[in-house]
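One structure below.
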Amino acid sequence: MVSSEFPIGQTLKAVSIVEEKQFGGNELCLDEIKLFFQDTTVTLLAIADTDEIDIIQESSTVPYPADTPSWCKSFLGKKLMTVWVCDNDQGYRDQVIFAFEYLRPSIAFIAEGSVMKAFRSEQIYQIKASEAHWQHSQAS
């Protein structure tokens, strides 16, 4: 169930995760992720049967966990600006994207292989090669 009333404008206070440890390799695989805001908790759950993400929102007054993973600590104290809930071409909800501080993607959770995987977004900048470097490269 998805509610369109995400805690937009609220500050992220903490994040907790439940890792899926059965898969080998170095990919971070998640069964559950909880994002704690001022008075709301947003929980994302991997649905193994369909490779989808279930979204649960609850009013919350519980103490925030202190073990926020290092890969999302930079979002703590930032306001949630918007959320995109994405359906693929077959109608499955397999991606949820959060924007913190700015109206651009910050972190995405994608259902893949019965788990969720996290992807951080970063802007791509134009890089201009200097004339000296370009000429040196051509002369070599």
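The chains in the structure tokens are called A, B, ... from first to last as shown; in each chain the residues are counted from 1, and the ligands are counted from 1 in the order shown.
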Using the chain letters and numbers from this document, which residues of region 61-121 of chain A does DSSP assign to strand (DSSP E or B), as a list in words?
Lys79, Leu80, Met81, Thr82, Val83, Trp84, Val85, Cys86, Asp87, Arg93, Asp94, Gln95, Val96, Ile97, Phe98, Ala99, Phe100, Ile107, Ala108, Phe109, Ile110, Ala111, Glu112, Val115, Met116, Lys117, Ala118, Phe119 and Arg120 of chain A
For Leu45 (chain A): contacts at 9 Å, only C-alpha atoms, fewer than 6 positions along chain excluded, given as a ChimeraX atom specification
/A:30-34,52-56,115-116
Check chain A with DSSP on the backbone and list each residue it calls helix (DSSP H, G or I), as a compact mmCIF listing (two decimals) with C-alpha atoms, in the first residue's frame.
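As written to disk, part-v9.txt reads:
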# COMPACT_ATOMS: atom_id res chain seq x y z
CA SER A 70 27.50 5.12 6.99
CA TRP A 71 26.36 5.22 3.34
CA CYS A 72 23.29 7.28 4.22
CA LYS A 73 24.55 9.42 7.11
CA SER A 74 24.99 12.38 4.78
CA PHE A 75 21.19 12.57 4.47
CA GLU A 131 44.48 22.88 -24.72
CA ALA A 132 47.93 21.93 -23.44
CA HIS A 133 46.73 18.51 -22.30
CA TRP A 134 44.86 17.92 -25.56
CA GLN A 135 47.87 18.87 -27.70
CA HIS A 136 50.18 16.72 -25.58
CA SER A 137 47.88 13.71 -25.93
CA GLN A 138 47.74 14.05 -29.72
CA ALA A 139 51.53 14.37 -30.02
Which residues come within 10 Å of Val83 (chain A), counting only C-alpha atoms, excluding same-chain residues fewer than 4 positions away, as an MDAnalysis selection string?
chainID A and resid 4:8 96:100 103:108
Just-selected residues, N, CA and C atoms written as a PDB file, in the first residue's frame:
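The new file result_22.pdb reads:
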ATOM      1  N   SER A   4       0.097   8.643  -0.705  1.00  0.00           N
ATOM      2  CA  SER A   4       0.739   9.751  -1.406  1.00  0.00           C
ATOM      3  C   SER A   4       1.233  10.816  -0.435  1.00  0.00           C
ATOM      4  N   GLU A   5       0.993  10.618   0.831  1.00  0.00           N
ATOM      5  CA  GLU A   5       1.372  11.609   1.836  1.00  0.00           C
ATOM      6  C   GLU A   5       2.699  11.248   2.501  1.00  0.00           C
ATOM      7  N   PHE A   6       3.761  11.291   1.727  1.00  0.00           N
ATOM      8  CA  PHE A   6       5.081  11.096   2.312  1.00  0.00           C
ATOM      9  C   PHE A   6       5.395  12.285   3.208  1.00  0.00           C
ATOM     10  N   PRO A   7       6.322  12.139   4.148  1.00  0.00           N
ATOM     11  CA  PRO A   7       6.644  13.241   5.068  1.00  0.00           C
ATOM     12  C   PRO A   7       7.504  14.330   4.406  1.00  0.00           C
ATOM     13  N   ILE A   8       6.984  14.880   3.315  1.00  0.00           N
ATOM     14  CA  ILE A   8       7.690  15.925   2.577  1.00  0.00           C
ATOM     15  C   ILE A   8       7.902  17.125   3.502  1.00  0.00           C
ATOM     16  N   VAL A  96      12.055   3.027  -5.693  1.00  0.00           N
ATOM     17  CA  VAL A  96      11.624   4.186  -4.911  1.00  0.00           C
ATOM     18  C   VAL A  96      12.833   5.106  -4.790  1.00  0.00           C
ATOM     19  N   ILE A  97      12.633   6.367  -5.170  1.00  0.00           N
ATOM     20  CA  ILE A  97      13.726   7.341  -5.178  1.00  0.00           C
ATOM     21  C   ILE A  97      13.386   8.470  -4.218  1.00  0.00           C
ATOM     22  N   PHE A  98      14.333   8.817  -3.356  1.00  0.00           N
ATOM     23  CA  PHE A  98      14.153   9.901  -2.390  1.00  0.00           C
ATOM     24  C   PHE A  98      15.060  11.068  -2.757  1.00  0.00           C
ATOM     25  N   ALA A  99      14.534  12.276  -2.613  1.00  0.00           N
ATOM     26  CA  ALA A  99      15.327  13.497  -2.819  1.00  0.00           C
ATOM     27  C   ALA A  99      15.417  14.214  -1.478  1.00  0.00           C
ATOM     28  N   PHE A 100      16.632  14.390  -0.992  1.00  0.00           N
ATOM     29  CA  PHE A 100      16.873  15.108   0.255  1.00  0.00           C
ATOM     30  C   PHE A 100      17.564  16.424  -0.047  1.00  0.00           C
ATOM     31  N   LEU A 103      15.605  19.249  -5.009  1.00  0.00           N
ATOM     32  CA  LEU A 103      14.603  18.550  -5.812  1.00  0.00           C
ATOM     33  C   LEU A 103      15.262  17.728  -6.914  1.00  0.00           C
ATOM     34  N   ARG A 104      16.192  16.877  -6.512  1.00  0.00           N
ATOM     35  CA  ARG A 104      16.851  15.967  -7.439  1.00  0.00           C
ATOM     36  C   ARG A 104      17.124  14.668  -6.685  1.00  0.00           C
ATOM     37  N   PRO A 105      17.208  13.562  -7.396  1.00  0.00           N
ATOM     38  CA  PRO A 105      17.394  12.269  -6.725  1.00  0.00           C
ATOM     39  C   PRO A 105      18.637  12.246  -5.837  1.00  0.00           C
ATOM     40  N   SER A 106      18.486  11.661  -4.650  1.00  0.00           N
ATOM     41  CA  SER A 106      19.599  11.486  -3.719  1.00  0.00           C
ATOM     42  C   SER A 106      19.964  10.017  -3.584  1.00  0.00           C
ATOM     43  N   ILE A 107      18.942   9.193  -3.336  1.00  0.00           N
ATOM     44  CA  ILE A 107      19.170   7.765  -3.141  1.00  0.00           C
ATOM     45  C   ILE A 107      17.971   7.000  -3.681  1.00  0.00           C
ATOM     46  N   ALA A 108      18.270   5.878  -4.338  1.00  0.00           N
ATOM     47  CA  ALA A 108      17.219   5.034  -4.903  1.00  0.00           C
ATOM     48  C   ALA A 108      17.347   3.636  -4.333  1.00  0.00           C
TER      49      ALA A 108
END
Correct to one decimal, the distance CA of Ala111 (chain A)-CA of Thr41 (chain A) is 19.9 Å
Listing only residues of region 77-114 of chain A within 12 Å of region 14-22 of chain A, what is the closest atom pair and its distance in Å (to one decimal) for each, using only C-alpha atoms, sorted by chain and residue number ascending, as a Markdown table?
| residue | atom | partner | partner_atom | distance |
| --- | --- | --- | --- | --- |
| A:Gly77 | CA | A:Ala14 | CA | 8.7 |
| A:Lys78 | CA | A:Ala14 | CA | 10.7 |
| A:Gly113 | CA | A:Glu20 | CA | 11.1 |
| A:Ser114 | CA | A:Glu20 | CA | 9.5 |
Can you measure CA of Val85 (chain A) to CA of Ser60 (chain A) for me? One decimal in Å is fine.
21.8 Å
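With CA of Gly24 (chain A) on one side and CA of Ala48 (chain A) on the other, the separation reads 17.1 Å.
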My list of candidates is A:Phe119, A:Tyr125, A:Tyr64, A:Tyr102. Which is closest to Gly9 (chain A) when distances are computed with only C-alpha atoms?
A:Tyr102
